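Asks: File upload-v2.pdb below, PDB, C-alpha atoms:
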ATOM      1  CA  MET A1474     128.522 255.032 -35.846  1.00  0.00           C
ATOM      2  CA  ASP A1475     130.385 252.858 -38.321  1.00  0.00           C
ATOM      3  CA  GLU A1476     132.357 249.794 -37.298  1.00  0.00           C
ATOM      4  CA  ASP A1477     135.777 251.349 -38.024  1.00  0.00           C
ATOM      5  CA  ALA A1478     135.027 254.288 -35.712  1.00  0.00           C
ATOM      6  CA  ILE A1479     133.891 251.929 -32.941  1.00  0.00           C
ATOM      7  CA  ARG A1480     136.998 249.772 -33.438  1.00  0.00           C
ATOM      8  CA  ASN A1481     139.245 252.873 -33.167  1.00  0.00           C
ATOM      9  CA  ARG A1482     137.408 254.064 -30.054  1.00  0.00           C
ATOM     10  CA  THR A1483     137.727 250.550 -28.573  1.00  0.00           C
ATOM     11  CA  GLN A1484     141.484 250.530 -29.143  1.00  0.00           C
ATOM     12  CA  GLU A1485     141.951 254.055 -27.748  1.00  0.00           C
ATOM     13  CA  THR A1486     139.938 253.307 -24.615  1.00  0.00           C
ATOM     14  CA  ALA A1487     141.646 249.938 -24.067  1.00  0.00           C
ATOM     15  CA  LYS A1488     145.060 251.597 -24.346  1.00  0.00           C
ATOM     16  CA  LYS A1489     144.124 254.161 -21.663  1.00  0.00           C
ATOM     17  CA  LEU A1490     142.780 251.468 -19.350  1.00  0.00           C
ATOM     18  CA  PHE A1491     145.160 248.581 -19.864  1.00  0.00           C
ATOM     19  CA  GLY A1492     148.236 250.037 -21.593  1.00  0.00           C
ATOM     20  CA  LYS A1493     150.528 250.202 -18.562  1.00  0.00           C
ATOM     21  CA  GLY A1494     151.028 249.104 -14.985  1.00  0.00           C
ATOM     22  CA  ALA A1495     150.799 245.533 -13.732  1.00  0.00           C
ATOM     23  CA  LYS A1496     151.294 242.998 -16.502  1.00  0.00           C
ATOM     24  CA  MET A1497     148.387 240.625 -17.001  1.00  0.00           C
ATOM     25  CA  ASP A1498     146.449 239.137 -19.861  1.00  0.00           C
ATOM     26  CA  PRO A1499     143.131 240.860 -20.506  1.00  0.00           C
ATOM     27  CA  PRO A1500     139.974 238.708 -20.621  1.00  0.00           C
ATOM     28  CA  TYR A1501     139.794 239.424 -24.357  1.00  0.00           C
ATOM     29  CA  LEU A1502     142.577 236.884 -24.964  1.00  0.00           C
ATOM     30  CA  THR A1503     140.552 234.170 -23.210  1.00  0.00           C
ATOM     31  CA  TRP A1504     137.416 235.050 -25.162  1.00  0.00           C
ATOM     32  CA  LYS A1505     139.386 235.111 -28.420  1.00  0.00           C
ATOM     33  CA  ALA A1506     140.770 231.614 -27.783  1.00  0.00           C
ATOM     34  CA  PHE A1507     137.202 230.305 -27.859  1.00  0.00           C
ATOM     35  CA  ASP A1508     135.477 232.549 -30.403  1.00  0.00           C
ATOM     36  CA  ARG A1509     137.323 235.346 -32.204  1.00  0.00           C
ATOM     37  CA  ASP A1510     134.209 237.019 -33.647  1.00  0.00           C
ATOM     38  CA  LEU A1511     132.327 237.012 -30.355  1.00  0.00           C
ATOM     39  CA  ALA A1512     135.444 238.285 -28.558  1.00  0.00           C
ATOM     40  CA  ASN A1513     135.570 241.225 -30.963  1.00  0.00           C
ATOM     41  CA  ASP A1514     131.856 241.912 -30.447  1.00  0.00           C
ATOM     42  CA  PHE A1515     132.256 241.849 -26.638  1.00  0.00           C
ATOM     43  CA  SER A1516     135.318 244.094 -26.803  1.00  0.00           C
ATOM     44  CA  MET A1517     133.697 246.646 -29.087  1.00  0.00           C
ATOM     45  CA  PHE A1518     130.568 246.760 -26.928  1.00  0.00           C
ATOM     46  CA  ILE A1519     132.277 246.908 -23.527  1.00  0.00           C
ATOM     47  CA  THR A1520     135.294 249.058 -24.331  1.00  0.00           C
ATOM     48  CA  GLY A1521     134.189 250.815 -27.499  1.00  0.00           C
ATOM     49  CA  ASN A1522     130.602 251.653 -26.610  1.00  0.00           C
ATOM     50  CA  LEU A1523     130.067 251.381 -22.850  1.00  0.00           C
ATOM     51  CA  TYR A1524     133.416 252.541 -21.446  1.00  0.00           C
ATOM     52  CA  SER A1525     133.739 255.385 -23.934  1.00  0.00           C
ATOM     53  CA  ARG A1526     130.426 256.985 -22.970  1.00  0.00           C
ATOM     54  CA  THR A1527     130.904 260.414 -21.407  1.00  0.00           C
ATOM     55  CA  VAL A1528     128.208 260.435 -18.703  1.00  0.00           C
ATOM     56  CA  LEU A1529     130.822 259.009 -16.309  1.00  0.00           C
ATOM     57  CA  THR A1530     134.534 259.669 -16.630  1.00  0.00           C
ATOM     58  CA  LEU A1531     136.887 256.701 -17.005  1.00  0.00           C
ATOM     59  CA  PRO A1532     138.036 257.095 -13.377  1.00  0.00           C
ATOM     60  CA  GLU A1533     134.398 257.105 -12.183  1.00  0.00           C
ATOM     61  CA  ARG A1534     133.619 254.012 -14.274  1.00  0.00           C
ATOM     62  CA  GLN A1535     136.668 252.224 -12.922  1.00  0.00           C
ATOM     63  CA  MET A1536     135.785 253.055  -9.312  1.00  0.00           C
ATOM     64  CA  ALA A1537     132.288 251.656  -9.880  1.00  0.00           C
ATOM     65  CA  ALA A1538     133.744 248.541 -11.539  1.00  0.00           C
ATOM     66  CA  CYS A1539     136.196 248.020  -8.673  1.00  0.00           C
ATOM     67  CA  ALA A1540     133.448 248.340  -6.049  1.00  0.00           C
ATOM     68  CA  ILE A1541     131.212 245.861  -7.845  1.00  0.00           C
ATOM     69  CA  LEU A1542     133.982 243.355  -8.585  1.00  0.00           C
ATOM     70  CA  GLY A1543     135.212 243.585  -4.998  1.00  0.00           C
ATOM     71  CA  ALA A1544     131.711 243.034  -3.643  1.00  0.00           C
ATOM     72  CA  ILE A1545     131.133 239.936  -5.785  1.00  0.00           C
ATOM     73  CA  ARG A1546     134.662 238.718  -4.990  1.00  0.00           C
ATOM     74  CA  ALA A1547     135.734 238.458  -8.633  1.00  0.00           C
ATOM     75  CA  THR A1548     139.411 238.805  -7.726  1.00  0.00           C
ATOM     76  CA  ASP A1549     140.986 238.092 -11.137  1.00  0.00           C
ATOM     77  CA  GLU A1550     138.801 240.678 -12.844  1.00  0.00           C
ATOM     78  CA  LEU A1551     139.294 243.060  -9.908  1.00  0.00           C
ATOM     79  CA  LYS A1552     143.065 242.916 -10.395  1.00  0.00           C
ATOM     80  CA  LEU A1553     142.658 243.996 -14.013  1.00  0.00           C
ATOM     81  CA  HIS A1554     140.308 246.849 -13.115  1.00  0.00           C
ATOM     82  CA  VAL A1555     142.314 248.103 -10.119  1.00  0.00           C
ATOM     83  CA  ASN A1556     145.281 248.407 -12.460  1.00  0.00           C
ATOM     84  CA  ALA A1557     143.099 250.166 -15.049  1.00  0.00           C
ATOM     85  CA  ALA A1558     141.719 252.510 -12.370  1.00  0.00           C
ATOM     86  CA  LEU A1559     145.241 253.546 -11.440  1.00  0.00           C
ATOM     87  CA  ASN A1560     146.129 253.944 -15.126  1.00  0.00           C
ATOM     88  CA  VAL A1561     143.340 256.493 -15.632  1.00  0.00           C
ATOM     89  CA  GLY A1562     144.221 258.496 -12.523  1.00  0.00           C
ATOM     90  CA  CYS A1563     142.093 257.114  -9.708  1.00  0.00           C
ATOM     91  CA  ASP A1564     143.443 258.177  -6.334  1.00  0.00           C
ATOM     92  CA  PRO A1565     144.635 255.039  -4.500  1.00  0.00           C
ATOM     93  CA  ARG A1566     143.294 256.491  -1.238  1.00  0.00           C
ATOM     94  CA  LYS A1567     139.819 256.733  -2.773  1.00  0.00           C
ATOM     95  CA  LEU A1568     140.024 253.139  -4.015  1.00  0.00           C
ATOM     96  CA  THR A1569     140.983 252.084  -0.485  1.00  0.00           C
ATOM     97  CA  GLU A1570     137.960 253.929   0.876  1.00  0.00           C
ATOM     98  CA  ILE A1571     135.691 252.323  -1.734  1.00  0.00           C
ATOM     99  CA  PHE A1572     136.837 248.872  -0.629  1.00  0.00           C
ATOM    100  CA  PHE A1573     136.185 249.700   3.033  1.00  0.00           C
ATOM    101  CA  GLN A1574     132.742 251.058   2.060  1.00  0.00           C
ATOM    102  CA  MET A1575     131.837 247.561   0.836  1.00  0.00           C
ATOM    103  CA  ALA A1576     131.855 246.234   4.434  1.00  0.00           C
ATOM    104  CA  PRO A1577     128.175 246.740   5.351  1.00  0.00           C
ATOM    105  CA  TYR A1578     127.005 245.454   1.967  1.00  0.00           C
ATOM    106  CA  ALA A1579     129.383 242.643   1.040  1.00  0.00           C
ATOM    107  CA  GLY A1580     131.038 241.782   4.373  1.00  0.00           C
ATOM    108  CA  MET A1581     134.583 241.916   5.677  1.00  0.00           C
ATOM    109  CA  PRO A1582     135.802 238.848   3.761  1.00  0.00           C
ATOM    110  CA  ALA A1583     135.058 240.727   0.514  1.00  0.00           C
ATOM    111  CA  VAL A1584     136.813 243.831   1.860  1.00  0.00           C
ATOM    112  CA  ASN A1585     139.867 241.789   2.854  1.00  0.00           C
ATOM    113  CA  GLU A1586     140.075 240.085  -0.552  1.00  0.00           C
ATOM    114  CA  ALA A1587     139.721 243.388  -2.389  1.00  0.00           C
ATOM    115  CA  LEU A1588     142.404 245.052  -0.274  1.00  0.00           C
ATOM    116  CA  ASN A1589     144.749 242.105  -0.831  1.00  0.00           C
ATOM    117  CA  VAL A1590     144.239 242.313  -4.606  1.00  0.00           C
ATOM    118  CA  PHE A1591     144.733 246.081  -4.479  1.00  0.00           C
ATOM    119  CA  ARG A1592     147.970 245.764  -2.487  1.00  0.00           C
ATOM    120  CA  GLU A1593     149.247 243.094  -4.919  1.00  0.00           C
ATOM    121  CA  VAL A1594     148.666 245.422  -7.894  1.00  0.00           C
ATOM    122  CA  LEU A1595     150.256 248.378  -6.099  1.00  0.00           C
ATOM    123  CA  LYS A1596     153.322 246.258  -5.303  1.00  0.00           C
ATOM    124  CA  GLU A1597     153.612 245.128  -8.941  1.00  0.00           C
ATOM    125  CA  ARG A1598     153.448 248.763 -10.021  1.00  0.00           C
ATOM    126  CA  GLY A1599     156.047 249.829  -7.423  1.00  0.00           C
ATOM    127  CA  GLU A1600     153.435 252.025  -5.695  1.00  0.00           C
ATOM    128  CA  TRP A1601     153.145 250.255  -2.335  1.00  0.00           C
ATOM    129  CA  PRO A1602     152.815 251.526   0.318  1.00  0.00           C
ATOM    130  CA  ILE A1603     150.299 254.206  -0.588  1.00  0.00           C
ATOM    131  CA  SER A1604     151.654 257.691   0.016  1.00  0.00           C
ATOM    132  CA  ASP A1605     151.105 261.212  -1.223  1.00  0.00           C
ATOM    133  CA  LYS A1606     153.584 260.364  -4.015  1.00  0.00           C
ATOM    134  CA  THR A1607     151.325 257.617  -5.402  1.00  0.00           C
ATOM    135  CA  ALA A1608     148.221 259.811  -5.392  1.00  0.00           C
ATOM    136  CA  PRO A1609     147.504 261.808  -8.558  1.00  0.00           C
ATOM    137  CA  ALA A1610     148.259 265.519  -8.493  1.00  0.00           C
ATOM    138  CA  PRO A1611     145.219 267.675  -7.665  1.00  0.00           C
TER     139      PRO A1611
END
Show me this structure written as C-alpha coordinates.
Replies:
Amino acid sequence: MDEDAIRNRTQETAKKLFGKGAKMDPPYLTWKAFDRDLANDFSMFITGNLYSRTVLTLPERQMAACAILGAIRATDELKLHVNAALNVGCDPRKLTEIFFQMAPYAGMPAVNEALNVFREVLKERGEWPISDKTAPAP
(Lines of atoms letter the chains of each structure in order from A and count residues from 1; the text may use other names and numbers.)
(Lines give C-alpha, C1' and ligand atoms only; values in the text may rest on other atoms or scores of the structure.)
Protein backbone atom coordinates (compact mmCIF):
# COMPACT_ATOMS: atom_id res chain seq x y z
CA MET A 1 0.00 0.00 0.00
CA ASP A 2 1.34 3.44 -0.86
CA GLU A 3 2.14 6.04 1.77
CA ASP A 4 -0.77 8.34 0.85
CA ALA A 5 -3.27 5.51 1.34
CA ILE A 6 -1.75 4.64 4.73
CA ARG A 7 -1.79 8.31 5.75
CA ASN A 8 -5.50 8.58 4.80
CA ARG A 9 -6.32 5.38 6.68
CA THR A 10 -4.36 6.69 9.69
CA GLN A 11 -6.35 9.93 9.71
CA GLU A 12 -9.70 8.15 9.29
CA THR A 13 -8.98 5.69 12.10
CA ALA A 14 -7.64 8.41 14.42
CA LYS A 15 -10.77 10.49 13.84
CA LYS A 16 -13.01 7.54 14.81
CA LEU A 17 -10.96 6.83 17.93
CA PHE A 18 -10.03 10.26 19.18
CA GLY A 19 -12.35 12.71 17.40
CA LYS A 20 -14.78 13.32 20.25
CA GLY A 21 -15.41 12.88 23.95
CA ALA A 22 -13.01 13.87 26.72
CA LYS A 23 -10.52 16.48 25.60
CA MET A 24 -6.89 15.44 25.91
CA ASP A 25 -3.73 15.66 23.89
CA PRO A 26 -2.88 12.44 22.06
CA PRO A 27 0.60 10.95 22.56
CA TYR A 28 1.38 11.89 18.96
CA LEU A 29 1.85 15.53 20.02
CA THR A 30 4.49 14.49 22.57
CA TRP A 31 6.29 12.31 20.04
CA LYS A 32 6.15 15.09 17.45
CA ALA A 33 7.75 17.58 19.86
CA PHE A 34 10.82 15.35 19.94
CA ASP A 35 10.97 13.89 16.43
CA ARG A 36 8.39 14.77 13.77
CA ASP A 37 9.42 12.04 11.30
CA LEU A 38 9.46 9.29 13.91
CA ALA A 39 6.12 10.52 15.28
CA ASN A 40 4.63 10.18 11.80
CA ASP A 41 6.11 6.68 11.42
CA PHE A 42 4.69 5.59 14.81
CA SER A 43 1.29 7.07 14.00
CA MET A 44 1.07 5.46 10.58
CA PHE A 45 2.11 2.08 11.97
CA ILE A 46 -0.10 2.09 15.08
CA THR A 47 -3.20 3.82 13.76
CA GLY A 48 -2.84 3.33 10.02
CA ASN A 49 -1.67 -0.27 9.91
CA LEU A 50 -2.37 -2.00 13.23
CA TYR A 51 -5.63 -0.38 14.34
CA SER A 52 -7.14 -0.50 10.86
CA ARG A 53 -6.72 -4.26 10.49
CA THR A 54 -10.06 -6.05 10.26
CA VAL A 55 -9.38 -9.25 12.24
CA LEU A 56 -10.61 -7.40 15.35
CA THR A 57 -13.16 -4.60 15.25
CA LEU A 58 -12.19 -1.21 16.66
CA PRO A 59 -14.33 -1.84 19.77
CA GLU A 60 -12.60 -5.22 20.32
CA ARG A 61 -9.16 -3.62 19.88
CA GLN A 62 -10.04 -0.86 22.32
CA MET A 63 -11.31 -3.32 24.93
CA ALA A 64 -8.05 -5.26 24.64
CA ALA A 65 -6.04 -2.03 24.89
CA CYS A 66 -8.00 -0.91 27.96
CA ALA A 67 -7.48 -4.26 29.71
CA ILE A 68 -3.75 -4.22 29.04
CA LEU A 69 -3.26 -0.56 29.97
CA GLY A 70 -5.30 -1.04 33.14
CA ALA A 71 -3.29 -4.11 34.11
CA ILE A 72 0.05 -2.33 33.66
CA ARG A 73 -1.35 0.76 35.40
CA ALA A 74 -0.61 3.12 32.51
CA THR A 75 -3.30 5.56 33.63
CA ASP A 76 -2.58 8.45 31.22
CA GLU A 77 -2.69 6.15 28.21
CA LEU A 78 -5.70 4.33 29.68
CA LYS A 79 -7.63 7.61 29.83
CA LEU A 80 -7.04 8.15 26.12
CA HIS A 81 -8.09 4.61 25.22
CA VAL A 82 -11.16 4.51 27.48
CA ASN A 83 -12.36 7.63 25.70
CA ALA A 84 -11.56 6.05 22.32
CA ALA A 85 -13.37 2.85 23.34
CA LEU A 86 -16.50 4.84 24.12
CA ASN A 87 -16.12 6.77 20.85
CA VAL A 88 -16.24 3.54 18.82
CA GLY A 89 -19.25 2.15 20.67
CA CYS A 90 -17.89 0.01 23.49
CA ASP A 91 -20.55 -0.68 26.09
CA PRO A 92 -19.50 1.03 29.34
CA ARG A 93 -20.85 -1.95 31.30
CA LYS A 94 -18.51 -4.26 29.38
CA LEU A 95 -15.55 -1.97 30.06
CA THR A 96 -16.46 -2.05 33.75
CA GLU A 97 -16.52 -5.84 33.64
CA ILE A 98 -13.16 -5.93 31.85
CA PHE A 99 -11.60 -3.84 34.61
CA PHE A 100 -13.02 -6.13 37.30
CA GLN A 101 -11.72 -9.15 35.35
CA MET A 102 -8.19 -7.80 35.84
CA ALA A 103 -8.37 -8.53 39.60
CA PRO A 104 -6.90 -12.07 39.66
CA TYR A 105 -4.17 -11.13 37.18
CA ALA A 106 -3.15 -7.57 38.05
CA GLY A 107 -4.55 -7.11 41.57
CA MET A 108 -7.13 -4.83 43.11
CA PRO A 109 -4.94 -1.70 43.09
CA ALA A 110 -4.86 -1.94 39.27
CA VAL A 111 -8.63 -2.47 39.18
CA ASN A 112 -9.20 0.54 41.43
CA GLU A 113 -6.95 2.79 39.32
CA ALA A 114 -8.62 1.67 36.10
CA LEU A 115 -12.11 2.25 37.50
CA ASN A 116 -11.09 5.71 38.74
CA VAL A 117 -9.73 6.63 35.30
CA PHE A 118 -12.88 5.24 33.67
CA ARG A 119 -15.17 7.23 35.98
CA GLU A 120 -13.13 10.41 35.32
CA VAL A 121 -13.57 9.99 31.55
CA LEU A 122 -17.28 9.22 31.90
CA LYS A 123 -17.74 12.36 34.02
CA GLU A 124 -15.89 14.49 31.44
CA ARG A 125 -18.16 13.09 28.74
CA GLY A 126 -21.31 13.70 30.83
CA GLU A 127 -21.99 9.94 30.93
CA TRP A 128 -21.58 9.25 34.65
CA PRO A 129 -23.19 7.39 36.30
CA ILE A 130 -23.44 4.48 33.89
CA SER A 131 -27.02 3.73 32.93
CA ASP A 132 -28.93 2.13 30.09
CA LYS A 133 -28.84 5.57 28.41
CA THR A 134 -25.02 5.55 28.22
CA ALA A 135 -24.86 2.04 26.76
CA PRO A 136 -24.91 1.75 22.96
CA ALA A 137 -28.14 0.62 21.34
CA PRO A 138 -28.25 -3.13 20.62
Asks: Counting all atoms listed in the file, which residue out of A:Trp1601, A:Asn1589, A:Thr1486, A:Arg1546 sits closest to Thr1527 (chain A)?
Replies: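 So, comparing all the options, the nearest one is A:Thr1486.
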Asks: Find the distance between CA of Val1561 (chain A) and CA of Thr1483 (chain A) and write it in Å to one decimal.
Replies: 15.3 Å
Asks: Rounded to one decimal place, report the CA of Glu1586 (chain A)-CA of Pro1565 (chain A) distance in Å.
Replies: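 About the pair CA of Glu1586 (chain A) and CA of Pro1565 (chain A): they are 16.1 Å apart.
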Asks: What does the structure give for the distance between CA of Ala1557 (chain A) and CA of Leu1490 (chain A), in Å to one decimal?
Replies: 4.5 Å
Asks: Pick from A:Ala1478, A:Leu1551, A:Ala1487, A:Ala1558: nearest to Thr1520 (chain A), with all atoms listed in the file counted?
Replies: A:Ala1487
Asks: Rank nothing, just name the residue among A:Ile1545, A:Gly1521, A:Met1536, A:Asp1508 nearest to Pro1582 (chain A), using only C-alpha atoms.
Replies: A:Ile1545
Asks: If we count all atoms listed in the file, what is near Pro1500 (chain A) at a cut-off of 12 Å, once residues fewer than 5 positions away on the same chain are taken out, given as a VMD selection string?
Replies: chain A and resid 1487 1491 1505 to 1507 1512 to 1513 1515 to 1516 1519 to 1520 1549 to 1554
Asks: Need the shell around Gly1543 (chain A): protein/DNA/RNA residues with any atom at most 8 Å away, counting only C-alpha atoms. Skip same-chain ones fewer than 4 positions apart. Format as a PyMOL selection string?
Replies: chain A and resi 1539+1547-1548+1551+1572+1575+1583-1584+1586-1587
Asks: Would you please work out which residue, of A:Leu1523, A:Val1590, A:Leu1559, A:Leu1502, is nearest to Leu1542 (chain A) when using only C-alpha atoms?
Replies: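 Checking each of A:Leu1523, A:Val1590, A:Leu1559, A:Leu1502 against Leu1542 (chain A), counting only C-alpha atoms, the winner is A:Val1590.
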Asks: Can you turn the PyMOL selection byres ((chain A and resi 1595) around 12) into a concrete residue list for this file, as a ChimeraX atom specification?
Replies: /A:1494-1496,1552-1553,1555-1560,1564-1566,1568-1569,1588-1594,1596-1604,1607-1608
Asks: Please reconstruct the missing atoms of region 1489-1519 of chain A (target: N, CA and C atoms) and return them as a tab-separated table (two decimals), in the frame of the given file.
Replies:
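File produced: result25.tsv:
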chain	number	residue	atom	x	y	z
A	1489	LYS	N	144.16	253.33	-22.87
A	1489	LYS	CA	144.12	254.16	-21.66
A	1489	LYS	C	143.97	253.28	-20.42
A	1490	LEU	N	143.08	252.31	-20.52
A	1490	LEU	CA	142.78	251.47	-19.35
A	1490	LEU	C	143.87	250.45	-19.06
A	1491	PHE	N	144.33	249.77	-20.08
A	1491	PHE	CA	145.16	248.58	-19.86
A	1491	PHE	C	146.57	248.69	-20.44
A	1492	GLY	N	146.97	249.89	-20.89
A	1492	GLY	CA	148.24	250.04	-21.59
A	1492	GLY	C	149.48	250.09	-20.74
A	1493	LYS	N	149.34	250.15	-19.41
A	1493	LYS	CA	150.53	250.20	-18.56
A	1493	LYS	C	150.20	249.63	-17.20
A	1494	GLY	N	151.22	249.59	-16.35
A	1494	GLY	CA	151.03	249.10	-14.98
A	1494	GLY	C	151.32	247.63	-14.87
A	1495	ALA	N	150.60	246.96	-13.98
A	1495	ALA	CA	150.80	245.53	-13.73
A	1495	ALA	C	150.56	244.75	-15.02
A	1496	LYS	N	151.40	243.79	-15.28
A	1496	LYS	CA	151.29	243.00	-16.50
A	1496	LYS	C	150.37	241.81	-16.27
A	1497	MET	N	149.33	241.73	-17.07
A	1497	MET	CA	148.39	240.62	-17.00
A	1497	MET	C	147.66	240.51	-18.33
A	1498	ASP	N	147.21	239.34	-18.63
A	1498	ASP	CA	146.45	239.14	-19.86
A	1498	ASP	C	145.02	239.63	-19.67
A	1499	PRO	N	144.52	240.42	-20.60
A	1499	PRO	CA	143.13	240.86	-20.51
A	1499	PRO	C	142.18	239.70	-20.83
A	1500	PRO	N	140.95	239.76	-20.33
A	1500	PRO	CA	139.97	238.71	-20.62
A	1500	PRO	C	139.75	238.50	-22.11
A	1501	TYR	N	139.96	239.53	-22.91
A	1501	TYR	CA	139.79	239.42	-24.36
A	1501	TYR	C	140.57	238.24	-24.93
A	1502	LEU	N	141.78	237.99	-24.44
A	1502	LEU	CA	142.58	236.88	-24.96
A	1502	LEU	C	141.93	235.53	-24.67
A	1503	THR	N	141.29	235.41	-23.53
A	1503	THR	CA	140.55	234.17	-23.21
A	1503	THR	C	139.36	234.02	-24.13
A	1504	TRP	N	138.59	235.11	-24.29
A	1504	TRP	CA	137.42	235.05	-25.16
A	1504	TRP	C	137.84	234.67	-26.57
A	1505	LYS	N	138.91	235.31	-27.05
A	1505	LYS	CA	139.39	235.11	-28.42
A	1505	LYS	C	139.81	233.66	-28.66
A	1506	ALA	N	140.35	233.01	-27.64
A	1506	ALA	CA	140.77	231.61	-27.78
A	1506	ALA	C	139.58	230.70	-28.08
A	1507	PHE	N	138.40	231.11	-27.65
A	1507	PHE	CA	137.20	230.30	-27.86
A	1507	PHE	C	136.40	230.74	-29.08
A	1508	ASP	N	136.30	232.05	-29.30
A	1508	ASP	CA	135.48	232.55	-30.40
A	1508	ASP	C	135.93	233.96	-30.76
A	1509	ARG	N	136.73	234.06	-31.81
A	1509	ARG	CA	137.32	235.35	-32.20
A	1509	ARG	C	136.25	236.40	-32.52
A	1510	ASP	N	135.23	236.05	-33.27
A	1510	ASP	CA	134.21	237.02	-33.65
A	1510	ASP	C	133.44	237.53	-32.43
A	1511	LEU	N	133.06	236.61	-31.55
A	1511	LEU	CA	132.33	237.01	-30.36
A	1511	LEU	C	133.22	237.85	-29.44
A	1512	ALA	N	134.50	237.50	-29.36
A	1512	ALA	CA	135.44	238.28	-28.56
A	1512	ALA	C	135.50	239.72	-29.08
A	1513	ASN	N	135.55	239.88	-30.38
A	1513	ASN	CA	135.57	241.22	-30.96
A	1513	ASN	C	134.27	241.98	-30.67
A	1514	ASP	N	133.14	241.28	-30.76
A	1514	ASP	CA	131.86	241.91	-30.45
A	1514	ASP	C	131.81	242.36	-28.99
A	1515	PHE	N	132.23	241.49	-28.07
A	1515	PHE	CA	132.26	241.85	-26.64
A	1515	PHE	C	133.15	243.07	-26.43
A	1516	SER	N	134.35	243.02	-26.99
A	1516	SER	CA	135.32	244.09	-26.80
A	1516	SER	C	134.79	245.42	-27.33
A	1517	MET	N	134.21	245.40	-28.52
A	1517	MET	CA	133.70	246.65	-29.09
A	1517	MET	C	132.51	247.18	-28.28
A	1518	PHE	N	131.68	246.28	-27.75
A	1518	PHE	CA	130.57	246.76	-26.93
A	1518	PHE	C	131.08	247.31	-25.60
A	1519	ILE	N	131.86	246.52	-24.88
A	1519	ILE	CA	132.28	246.91	-23.53
A	1519	ILE	C	133.21	248.12	-23.57
